[in-house]
file target28.tsv (TSV, C-alpha atoms and all ligand atoms)
chain	number	residue	atom	x	y	z
L	341	MET	CA	14.03	-16.43	6.99
L	342	LYS	CA	16.31	-14.41	9.31
L	343	THR	CA	15.02	-10.93	10.04
L	344	GLY	CA	16.99	-7.71	9.81
L	345	GLN	CA	18.85	-8.72	6.69
L	346	TYR	CA	17.08	-6.50	4.15
L	347	LYS	CA	18.50	-3.12	3.26
L	348	LYS	CA	15.29	-1.76	1.84
L	349	ILE	CA	11.77	-2.91	2.69
L	350	GLY	CA	8.53	-1.55	1.31
L	351	LEU	CA	5.26	-1.54	3.24
L	352	LEU	CA	2.03	-1.48	1.29
L	353	GLY	CA	-0.91	-1.07	3.60
L	354	GLY	CA	-4.56	-0.92	2.66
L	355	THR	CA	-7.90	-2.49	3.20
L	356	PHE	CA	-7.33	-4.75	0.17
L	357	ASN	CA	-11.07	-5.23	-0.07
L	358	PRO	CA	-10.19	-6.93	-2.39
L	359	ILE	CA	-6.55	-6.72	-3.56
L	360	HIS	CA	-6.44	-5.99	-7.30
L	361	SER	CA	-4.11	-5.75	-10.30
L	362	GLY	CA	-3.54	-2.02	-9.67
L	363	HIS	CA	-1.89	-2.80	-6.32
L	364	LEU	CA	0.21	-5.55	-7.89
L	365	LYS	CA	1.38	-3.54	-10.87
L	366	ALA	CA	2.43	-0.64	-8.63
L	367	ALA	CA	4.27	-2.97	-6.24
L	368	GLU	CA	6.10	-4.70	-9.10
L	369	LEU	CA	7.22	-1.40	-10.63
L	370	ILE	CA	8.48	-0.04	-7.33
L	371	LEU	CA	10.28	-3.24	-6.47
L	372	ASP	CA	12.10	-3.05	-9.73
L	373	LYS	CA	12.91	0.65	-9.78
L	374	ILE	CA	13.74	1.31	-6.13
L	375	GLY	CA	15.47	-2.03	-5.68
L	376	LEU	CA	13.48	-3.13	-2.64
L	377	GLU	CA	14.33	-6.56	-1.32
L	378	LYS	CA	10.92	-7.14	0.23
L	379	ILE	CA	7.44	-5.68	0.07
L	380	LEU	CA	5.09	-6.44	2.93
L	381	PHE	CA	1.39	-6.27	2.05
L	382	ILE	CA	-0.42	-5.33	5.24
L	383	PRO	CA	-4.22	-5.54	5.23
L	384	SER	CA	-5.71	-3.32	7.92
L	385	TYR	CA	-8.03	-4.64	10.59
L	386	VAL	CA	-10.48	-1.83	11.30
L	387	PRO	CA	-9.67	0.89	8.79
L	388	PRO	CA	-9.60	4.26	10.53
L	389	HIS	CA	-11.00	6.22	7.56
L	390	LYS	CA	-13.65	3.94	6.16
L	391	GLY	CA	-17.10	2.68	7.05
L	392	LEU	CA	-17.65	-1.03	7.39
L	393	THR	CA	-20.34	-1.65	4.79
L	394	ASP	CA	-19.30	-4.16	2.16
L	395	MET	CA	-16.10	-4.94	4.04
L	396	ALA	CA	-15.00	-8.58	3.72
L	397	ALA	CA	-13.78	-10.24	6.92
L	398	PRO	CA	-10.11	-9.67	7.72
L	399	TYR	CA	-9.18	-13.31	7.10
L	400	HIS	CA	-10.81	-13.21	3.65
L	401	ARG	CA	-8.89	-10.06	2.72
L	402	LEU	CA	-5.65	-11.60	4.02
L	403	ASN	CA	-6.30	-14.85	2.13
L	404	MET	CA	-6.89	-12.92	-1.09
L	405	VAL	CA	-3.62	-11.03	-0.61
L	406	LYS	CA	-1.81	-14.34	-0.10
L	407	LEU	CA	-3.32	-15.78	-3.27
L	408	ALA	CA	-2.49	-12.66	-5.29
L	409	ILE	CA	1.19	-12.55	-4.33
L	410	ALA	CA	1.88	-16.29	-4.25
L	411	GLY	CA	3.97	-16.13	-7.43
L	412	ASN	CA	6.46	-13.56	-6.15
L	413	PRO	CA	8.71	-14.64	-3.25
L	414	VAL	CA	9.76	-11.03	-2.61
L	415	PHE	CA	6.17	-10.16	-1.76
L	416	GLU	CA	4.96	-11.15	1.69
L	417	ALA	CA	1.54	-10.96	3.30
L	418	SER	CA	1.62	-9.61	6.85
L	419	SER	CA	-1.15	-10.28	9.36
L	420	LEU	CA	0.38	-7.77	11.78
L	421	GLU	CA	-2.55	-5.33	11.77
L	422	ILE	CA	-5.23	-7.99	11.46
L	423	ASP	CA	-3.78	-9.86	14.45
L	424	THR	CA	-4.07	-6.80	16.70
L	425	GLU	CA	-7.85	-6.86	16.15
L	426	GLY	CA	-8.12	-3.14	16.70
L	427	THR	CA	-7.86	0.09	14.77
L	428	SER	CA	-4.70	0.08	12.66
L	429	TYR	CA	-2.49	3.12	13.04
L	430	SER	CA	0.51	3.47	10.76
L	431	ILE	CA	2.71	4.81	13.56
L	432	ILE	CA	2.14	1.63	15.60
L	433	THR	CA	2.64	-0.68	12.63
L	434	LEU	CA	5.80	1.16	11.66
L	435	GLY	CA	7.18	0.78	15.21
L	436	LYS	CA	6.60	-2.97	15.08
L	437	ILE	CA	8.25	-3.29	11.66
L	438	ARG	CA	11.21	-1.18	12.80
L	439	ASN	CA	11.69	-3.48	15.79
L	440	ARG	CA	11.57	-6.51	13.57
L	441	TYR	CA	13.90	-5.06	10.91
L	442	PRO	CA	16.17	-2.68	12.85
L	443	TYR	CA	18.80	-2.42	10.11
L	444	SER	CA	16.46	-1.83	7.19
L	445	THR	CA	15.44	1.39	5.50
L	446	ILE	CA	11.67	1.33	5.44
L	447	PHE	CA	9.65	2.75	2.57
L	448	PHE	CA	6.00	3.40	3.13
L	449	ILE	CA	4.28	2.93	-0.25
L	450	VAL	CA	1.03	4.84	-0.72
L	451	GLY	CA	-1.11	6.03	-3.59
L	452	ILE	CA	-1.46	9.78	-3.93
L	453	ASP	CA	-5.12	9.58	-2.81
L	454	THR	CA	-3.95	8.12	0.49
L	455	PHE	CA	-1.02	10.51	0.88
L	456	LEU	CA	-3.30	13.52	0.50
L	457	GLU	CA	-4.95	12.45	3.77
L	458	ILE	CA	-1.71	12.05	5.69
L	459	LYS	CA	-2.43	14.90	8.06
L	460	THR	CA	-5.36	12.92	9.45
L	461	TRP	CA	-3.01	10.10	10.44
L	462	LYS	CA	-2.17	9.71	14.11
L	463	GLU	CA	1.26	11.29	14.75
L	464	TYR	CA	1.90	11.74	11.06
L	465	LYS	CA	4.99	13.89	11.66
L	466	LYS	CA	6.59	11.01	13.54
L	467	VAL	CA	5.67	8.65	10.70
L	468	LEU	CA	7.35	11.01	8.23
L	469	LYS	CA	10.46	11.13	10.41
L	470	GLN	CA	10.72	7.40	10.85
L	471	CYS	CA	10.56	6.20	7.26
L	472	SER	CA	10.72	7.21	3.63
L	473	PHE	CA	7.60	7.55	1.53
L	474	ILE	CA	7.01	6.42	-2.00
L	475	VAL	CA	3.92	8.17	-3.29
L	476	ILE	CA	2.57	6.69	-6.51
L	477	SER	CA	0.30	8.29	-9.06
L	478	ARG	CA	-3.30	7.19	-9.46
L	479	PRO	CA	-5.74	8.06	-12.21
L	480	GLY	CA	-7.92	10.99	-11.20
L	481	TYR	CA	-5.35	12.51	-8.83
L	482	HIS	CA	-2.41	14.88	-9.32
L	483	LEU	CA	0.89	13.68	-7.93
L	484	GLU	CA	2.10	17.28	-7.50
L	485	ASP	CA	-0.65	17.84	-4.93
L	486	ALA	CA	1.56	15.93	-2.48
L	487	ILE	CA	3.71	19.07	-2.30
L	488	LYS	CA	0.70	21.21	-1.39
L	489	VAL	CA	-0.15	19.11	1.65
L	490	MET	CA	3.41	19.22	2.96
L	491	GLU	CA	4.80	22.44	4.29
L	492	GLY	CA	8.13	23.82	5.48
L	493	LYS	CA	10.90	21.36	6.16
L	494	TYR	CA	9.07	18.40	4.66
L	495	CYS	CA	9.01	20.09	1.25
L	496	ARG	CA	12.79	20.15	1.14
L	497	ASN	CA	12.77	16.41	1.16
L	498	ILE	CA	10.46	15.72	-1.76
L	499	TYR	CA	11.93	14.13	-4.88
L	500	GLU	CA	10.16	13.38	-8.11
L	501	TYR	CA	10.95	10.38	-10.28
L	502	GLN	CA	9.55	9.22	-13.58
L	503	ASP	CA	9.16	5.50	-14.11
L	504	ASP	CA	11.94	5.42	-16.70
L	505	GLN	CA	14.53	6.71	-14.23
L	506	GLU	CA	16.61	4.53	-11.98
L	507	LEU	CA	16.71	5.57	-8.38
L	508	GLN	CA	20.17	4.69	-7.16
L	509	ASP	CA	21.11	7.21	-4.51
L	510	ALA	CA	19.32	5.59	-1.59
L	511	ALA	CA	21.10	7.80	1.00
L	512	LYS	CA	19.54	10.87	-0.55
L	513	ILE	CA	16.06	9.58	-0.03
L	514	LYS	CA	16.41	8.52	3.59
L	515	ASN	CA	13.34	9.97	5.34
L	516	GLY	CA	12.38	11.59	2.07
L	517	ILE	CA	9.17	11.65	0.10
L	518	ILE	CA	9.56	10.21	-3.37
L	519	LEU	CA	6.86	11.10	-5.85
L	520	PHE	CA	6.90	8.20	-8.23
L	521	ARG	CA	5.13	8.79	-11.51
L	522	ILE	CA	3.92	5.46	-12.89
L	523	GLN	CA	1.39	4.32	-15.46
L	524	ALA	CA	-1.03	3.31	-12.72
L	525	LEU	CA	-3.94	1.08	-13.66
L	526	ASP	CA	-7.37	2.65	-13.38
L	527	ILE	CA	-8.65	0.02	-10.98
L	528	SER	CA	-10.13	0.44	-7.51
L	529	SER	CA	-11.59	-2.00	-5.00
L	530	THR	CA	-14.67	0.22	-4.79
L	531	ASP	CA	-15.34	-0.29	-8.50
L	532	ILE	CA	-14.71	-4.04	-8.21
L	533	ARG	CA	-17.20	-4.31	-5.33
L	534	ARG	CA	-19.75	-2.28	-7.28
L	535	ARG	CA	-19.33	-4.52	-10.32
L	536	LEU	CA	-19.69	-7.69	-8.26
L	537	ALA	CA	-22.85	-6.39	-6.56
L	538	ALA	CA	-24.24	-5.55	-10.02
L	539	LYS	CA	-23.20	-9.00	-11.36
L	540	GLU	CA	-20.81	-7.39	-13.86
L	541	MET	CA	-17.52	-8.87	-15.07
L	542	ILE	CA	-14.31	-8.27	-13.12
L	543	LYS	CA	-12.08	-10.26	-15.45
L	544	GLY	CA	-8.56	-8.83	-15.59
L	545	LEU	CA	-9.13	-6.56	-12.60
L	546	VAL	CA	-7.98	-9.10	-10.03
L	547	PRO	CA	-5.69	-12.15	-10.39
L	548	GLU	CA	-7.63	-15.28	-11.35
L	549	PRO	CA	-7.14	-17.08	-7.98
L	550	VAL	CA	-8.59	-14.01	-6.22
L	551	HIS	CA	-11.57	-14.07	-8.58
L	552	ALA	CA	-12.11	-17.76	-7.82
L	553	TYR	CA	-11.88	-17.05	-4.07
L	554	ILE	CA	-14.46	-14.27	-4.32
L	555	LYS	CA	-16.82	-16.60	-6.19
L	556	LYS	CA	-16.26	-19.53	-3.82
L	557	HIS	CA	-16.97	-17.43	-0.71
L	558	ARG	CA	-19.67	-15.33	-2.37
L	559	LEU	CA	-18.03	-12.08	-1.35
L	560	TYR	CA	-19.34	-8.65	-2.34
L	561	GLN	CA	-22.74	-9.86	-3.42
L	562	GLY	CA	-24.35	-6.62	-2.35
L	563	THR	CA	-25.97	-8.08	0.76
L	564	SER	CA	-23.80	-6.42	3.41
G	601	LIG	P1	-11.02	1.36	-2.11
G	601	LIG	O1	-11.66	1.78	-3.40
G	601	LIG	O2	-11.83	0.39	-1.30
G	601	LIG	O3	-10.48	2.51	-1.30
G	601	LIG	P2	-8.44	0.93	-3.30
G	601	LIG	O4	-8.49	0.42	-4.70
G	601	LIG	O5	-8.18	2.39	-3.10
G	601	LIG	O6	-9.74	0.47	-2.53
G	601	LIG	P3	-6.85	0.34	-1.01
G	601	LIG	O7	-6.80	-0.98	-0.32
G	601	LIG	O8	-7.61	1.44	-0.40
G	601	LIG	O9	-7.38	0.06	-2.52
G	601	LIG	O10	-5.39	0.85	-1.38
G	601	LIG	C1	-4.21	0.48	-0.70
G	601	LIG	C2	-3.08	1.38	-1.24
G	601	LIG	O11	-2.87	1.12	-2.64
G	601	LIG	C3	-3.40	2.87	-1.13
G	601	LIG	O12	-2.22	3.56	-0.77
G	601	LIG	C4	-3.87	3.23	-2.51
G	601	LIG	O13	-3.64	4.59	-2.81
G	601	LIG	C5	-3.01	2.32	-3.40
G	601	LIG	N1	-3.69	1.96	-4.65
G	601	LIG	C6	-4.90	1.40	-4.77
G	601	LIG	N2	-5.21	1.19	-6.07
G	601	LIG	C7	-4.17	1.64	-6.80
G	601	LIG	C8	-3.90	1.72	-8.21
G	601	LIG	N3	-4.79	1.31	-9.12
G	601	LIG	N4	-2.72	2.25	-8.61
G	601	LIG	C9	-1.84	2.70	-7.69
G	601	LIG	N5	-2.02	2.64	-6.34
G	601	LIG	C10	-3.18	2.13	-5.89
G	602	MG	MG	-8.51	3.30	-1.23
call {"tool": "encode", "arguments": {"input": "target28.tsv", "output": "structure tokens"}}
result
Amino acid sequence: MKTGQYKKIGLLGGTFNPIHSGHLKAAELILDKIGLEKILFIPSYVPPHKGLTDMAAPYHRLNMVKLAIAGNPVFEASSLEIDTEGTSYSIITLGKIRNRYPYSTIFFIVGIDTFLEIKTWKEYKKVLKQCSFIVISRPGYHLEDAIKVMEGKYCRNIYEYQDDQELQDAAKIKNGIILFRIQALDISSTDIRRRLAAKEMIKGLVPEPVHAYIKKHRLYQGTS
């Protein structure tokens, strides 16, 4: 597929350890409401903010992402961060994506839990300048807290949308921060790993092919 042809691209980064139905539901809703033409799922290589215990190998996490999104041609798995085999910084990843898609508006999609840590990101002000953010709600967190972590000029650029509203004025949100209130699923990879280690059911929490992959490769058995 020729690059540079999308008007709006979403980036969904994460450890995806493993990818789950909460990620997929959020991505589907955003795709639909914001009218993105592509969402890149980007598993991180060495996550800057997490320890490595219970972390599946990068290729396993990438394979699970591929399996999970196989049914939706607008979703794409990106090995960009995994291929660098070093710490993944959003500012670097964003630069690479901007080079590859110079004519696209780029939307960084993050859960509110992740956004609340944005000030710990390397060169976060540059990241905020170079793309738009879609911050999605997550059970246990308050979406409005995004405003508290931003000060001054960034606050002027925060917009709040409910999931029953259409977001049509794309120009308005260029380099903005969109707080996107969705009915997020109460699912986390941490809970899935805990359940697997305790031999509990994870049915419905991950797509079936991901579940089969986890079983086949005996991931998250509580031995790491
Ligand atoms: P972990 O428990 O290991 O941190 P996680 O479930 O938070 O895993 P990540 O890979 O850390 O998954 O998340 C990637 C991105 O997806 C983050 O921006 C996170 O906020 C968002 N996200 C994760 N789960 C959900 C969910 N259930 N609903 C909405 N967004 C989510
Ligand atoms: Mg997380």
call {"tool": "closest_residue", "arguments": {"input": "target28.tsv", "among": "L:Lys348, L:Arg440, L:Lys406, L:His360", "to": "Ile374 of chain L", "atoms": "all atoms listed in the file"}}
result
L:Lys348
call {"tool": "residues_around", "arguments": {"input": "target28.tsv", "residues": "Asn357 of chain L", "least_positions_apart": "6", "cutoff": "7 Å", "atoms": "only C-alpha atoms", "output": "number ranges by chain"}}
result
L: 395-396, 401, 529
call {"tool": "residues_near_ligand", "arguments": {"input": "target28.tsv", "ligand": "ligand MG 602 (chain G)", "cutoff": "8 Å", "atoms": "all atoms listed in the file", "output": "ChimeraX atom specification"}}
result
/L:354-355,453-454,528-530
call {"tool": "closest_residue", "arguments": {"input": "target28.tsv", "among": "L:Asp423, L:Asp394, L:Glu500, L:Glu416", "to": "Tyr560 of chain L", "atoms": "all atoms listed in the file"}}
result
L:Asp394
call {"tool": "residues_near_ligand", "arguments": {"input": "target28.tsv", "ligand": "ligand LIG 601 (chain G)", "cutoff": "7 Å", "atoms": "all atoms listed in the file", "output": "list in words"}}
result
Leu352, Gly353, Gly354, Thr355, Phe356, Asn357, Ile359, Gly362, His363, Ala366, Ile449, Val450, Gly451, Ile452, Asp453, Thr454, Ile476, Ser477, Arg478, Ala524, Leu525, Asp526, Ile527, Ser528, Ser529, Thr530 and Asp531 of chain L
call {"tool": "atom_distance", "arguments": {"input": "target28.tsv", "atom1": "atom CA of Leu545 of chain L", "atom2": "atom CA of Ser419 of chain L"}}
result
23.7 Å
call {"tool": "decode", "arguments": {"input": "target28.tsv", "residues": "segment 544-555 of chain L", "atoms": "all heavy atoms", "output": "PDB file, in the first residue's frame"}}
result
ATOM      1  N   GLY L 544     -13.335 -14.476  26.878  1.00  0.00           N
ATOM      2  CA  GLY L 544     -13.993 -13.199  26.606  1.00  0.00           C
ATOM      3  C   GLY L 544     -13.091 -11.987  26.840  1.00  0.00           C
ATOM      4  O   GLY L 544     -13.420 -10.883  26.431  1.00  0.00           O
ATOM      5  N   LEU L 545     -11.964 -12.203  27.512  1.00  0.00           N
ATOM      6  CA  LEU L 545     -11.085 -11.054  27.792  1.00  0.00           C
ATOM      7  C   LEU L 545     -10.114 -10.791  26.643  1.00  0.00           C
ATOM      8  O   LEU L 545      -9.650  -9.660  26.463  1.00  0.00           O
ATOM      9  CB  LEU L 545     -10.301 -11.276  29.094  1.00  0.00           C
ATOM     10  CG  LEU L 545     -11.139 -11.522  30.361  1.00  0.00           C
ATOM     11  CD1 LEU L 545     -10.232 -11.701  31.575  1.00  0.00           C
ATOM     12  CD2 LEU L 545     -12.103 -10.362  30.601  1.00  0.00           C
ATOM     13  N   VAL L 546      -9.808 -11.836  25.906  1.00  0.00           N
ATOM     14  CA  VAL L 546      -8.946 -11.684  24.719  1.00  0.00           C
ATOM     15  C   VAL L 546      -9.634 -12.400  23.552  1.00  0.00           C
ATOM     16  O   VAL L 546     -10.427 -13.316  23.779  1.00  0.00           O
ATOM     17  CB  VAL L 546      -7.525 -12.307  24.926  1.00  0.00           C
ATOM     18  CG1 VAL L 546      -6.774 -11.631  26.058  1.00  0.00           C
ATOM     19  CG2 VAL L 546      -7.605 -13.811  25.164  1.00  0.00           C
ATOM     20  N   PRO L 547      -9.347 -12.009  22.301  1.00  0.00           N
ATOM     21  CA  PRO L 547      -9.929 -12.742  21.171  1.00  0.00           C
ATOM     22  C   PRO L 547      -9.482 -14.202  21.214  1.00  0.00           C
ATOM     23  O   PRO L 547      -8.374 -14.503  21.680  1.00  0.00           O
ATOM     24  CB  PRO L 547      -9.351 -12.031  19.938  1.00  0.00           C
ATOM     25  CG  PRO L 547      -8.887 -10.705  20.423  1.00  0.00           C
ATOM     26  CD  PRO L 547      -8.497 -10.894  21.866  1.00  0.00           C
ATOM     27  N   GLU L 548     -10.315 -15.089  20.721  1.00  0.00           N
ATOM     28  CA  GLU L 548     -10.044 -16.526  20.807  1.00  0.00           C
ATOM     29  C   GLU L 548      -8.671 -16.927  20.220  1.00  0.00           C
ATOM     30  O   GLU L 548      -7.956 -17.724  20.840  1.00  0.00           O
ATOM     31  CB  GLU L 548     -11.201 -17.306  20.162  1.00  0.00           C
ATOM     32  CG  GLU L 548     -11.377 -18.727  20.647  1.00  0.00           C
ATOM     33  CD  GLU L 548     -11.064 -18.965  22.137  1.00  0.00           C
ATOM     34  OE1 GLU L 548     -11.685 -18.281  22.979  1.00  0.00           O
ATOM     35  OE2 GLU L 548     -10.216 -19.823  22.449  1.00  0.00           O
ATOM     36  N   PRO L 549      -8.281 -16.398  19.045  1.00  0.00           N
ATOM     37  CA  PRO L 549      -6.962 -16.785  18.509  1.00  0.00           C
ATOM     38  C   PRO L 549      -5.809 -16.381  19.437  1.00  0.00           C
ATOM     39  O   PRO L 549      -4.784 -17.060  19.492  1.00  0.00           O
ATOM     40  CB  PRO L 549      -6.873 -16.021  17.180  1.00  0.00           C
ATOM     41  CG  PRO L 549      -8.282 -15.690  16.820  1.00  0.00           C
ATOM     42  CD  PRO L 549      -9.020 -15.518  18.112  1.00  0.00           C
ATOM     43  N   VAL L 550      -5.983 -15.294  20.183  1.00  0.00           N
ATOM     44  CA  VAL L 550      -4.948 -14.865  21.136  1.00  0.00           C
ATOM     45  C   VAL L 550      -4.899 -15.854  22.305  1.00  0.00           C
ATOM     46  O   VAL L 550      -3.829 -16.264  22.753  1.00  0.00           O
ATOM     47  CB  VAL L 550      -5.214 -13.422  21.648  1.00  0.00           C
ATOM     48  CG1 VAL L 550      -4.253 -13.039  22.770  1.00  0.00           C
ATOM     49  CG2 VAL L 550      -5.128 -12.425  20.494  1.00  0.00           C
ATOM     50  N   HIS L 551      -6.083 -16.267  22.742  1.00  0.00           N
ATOM     51  CA  HIS L 551      -6.160 -17.259  23.822  1.00  0.00           C
ATOM     52  C   HIS L 551      -5.465 -18.558  23.397  1.00  0.00           C
ATOM     53  O   HIS L 551      -4.665 -19.134  24.156  1.00  0.00           O
ATOM     54  CB  HIS L 551      -7.639 -17.518  24.155  1.00  0.00           C
ATOM     55  CG  HIS L 551      -7.836 -18.279  25.427  1.00  0.00           C
ATOM     56  ND1 HIS L 551      -9.056 -18.733  25.849  1.00  0.00           N
ATOM     57  CD2 HIS L 551      -6.950 -18.688  26.374  1.00  0.00           C
ATOM     58  CE1 HIS L 551      -8.905 -19.374  26.987  1.00  0.00           C
ATOM     59  NE2 HIS L 551      -7.647 -19.351  27.329  1.00  0.00           N
ATOM     60  N   ALA L 552      -5.730 -18.979  22.178  1.00  0.00           N
ATOM     61  CA  ALA L 552      -5.114 -20.217  21.663  1.00  0.00           C
ATOM     62  C   ALA L 552      -3.590 -20.060  21.593  1.00  0.00           C
ATOM     63  O   ALA L 552      -2.840 -20.977  21.926  1.00  0.00           O
ATOM     64  CB  ALA L 552      -5.691 -20.540  20.284  1.00  0.00           C
ATOM     65  N   TYR L 553      -3.127 -18.880  21.183  1.00  0.00           N
ATOM     66  CA  TYR L 553      -1.686 -18.612  21.083  1.00  0.00           C
ATOM     67  C   TYR L 553      -1.037 -18.675  22.459  1.00  0.00           C
ATOM     68  O   TYR L 553       0.027 -19.275  22.636  1.00  0.00           O
ATOM     69  CB  TYR L 553      -1.464 -17.234  20.453  1.00  0.00           C
ATOM     70  CG  TYR L 553      -0.015 -16.934  20.111  1.00  0.00           C
ATOM     71  CD1 TYR L 553       0.486 -17.160  18.830  1.00  0.00           C
ATOM     72  CD2 TYR L 553       0.864 -16.418  21.074  1.00  0.00           C
ATOM     73  CE1 TYR L 553       1.813 -16.868  18.512  1.00  0.00           C
ATOM     74  CE2 TYR L 553       2.186 -16.140  20.767  1.00  0.00           C
ATOM     75  CZ  TYR L 553       2.653 -16.362  19.489  1.00  0.00           C
ATOM     76  OH  TYR L 553       3.969 -16.086  19.184  1.00  0.00           O
ATOM     77  N   ILE L 554      -1.707 -18.078  23.443  1.00  0.00           N
ATOM     78  CA  ILE L 554      -1.179 -18.083  24.822  1.00  0.00           C
ATOM     79  C   ILE L 554      -1.047 -19.521  25.320  1.00  0.00           C
ATOM     80  O   ILE L 554      -0.039 -19.904  25.918  1.00  0.00           O
ATOM     81  CB  ILE L 554      -2.118 -17.257  25.751  1.00  0.00           C
ATOM     82  CG1 ILE L 554      -1.989 -15.766  25.439  1.00  0.00           C
ATOM     83  CG2 ILE L 554      -1.813 -17.520  27.237  1.00  0.00           C
ATOM     84  CD1 ILE L 554      -3.012 -14.871  26.139  1.00  0.00           C
ATOM     85  N   LYS L 555      -2.077 -20.324  25.014  1.00  0.00           N
ATOM     86  CA  LYS L 555      -2.044 -21.727  25.476  1.00  0.00           C
ATOM     87  C   LYS L 555      -0.926 -22.497  24.769  1.00  0.00           C
ATOM     88  O   LYS L 555      -0.159 -23.219  25.397  1.00  0.00           O
ATOM     89  CB  LYS L 555      -3.404 -22.392  25.207  1.00  0.00           C
ATOM     90  CG  LYS L 555      -4.438 -22.034  26.265  1.00  0.00           C
ATOM     91  CD  LYS L 555      -5.609 -22.989  26.251  1.00  0.00           C
ATOM     92  CE  LYS L 555      -6.583 -22.561  25.187  1.00  0.00           C
ATOM     93  NZ  LYS L 555      -7.879 -23.238  25.208  1.00  0.00           N
TER      94      LYS L 555
END
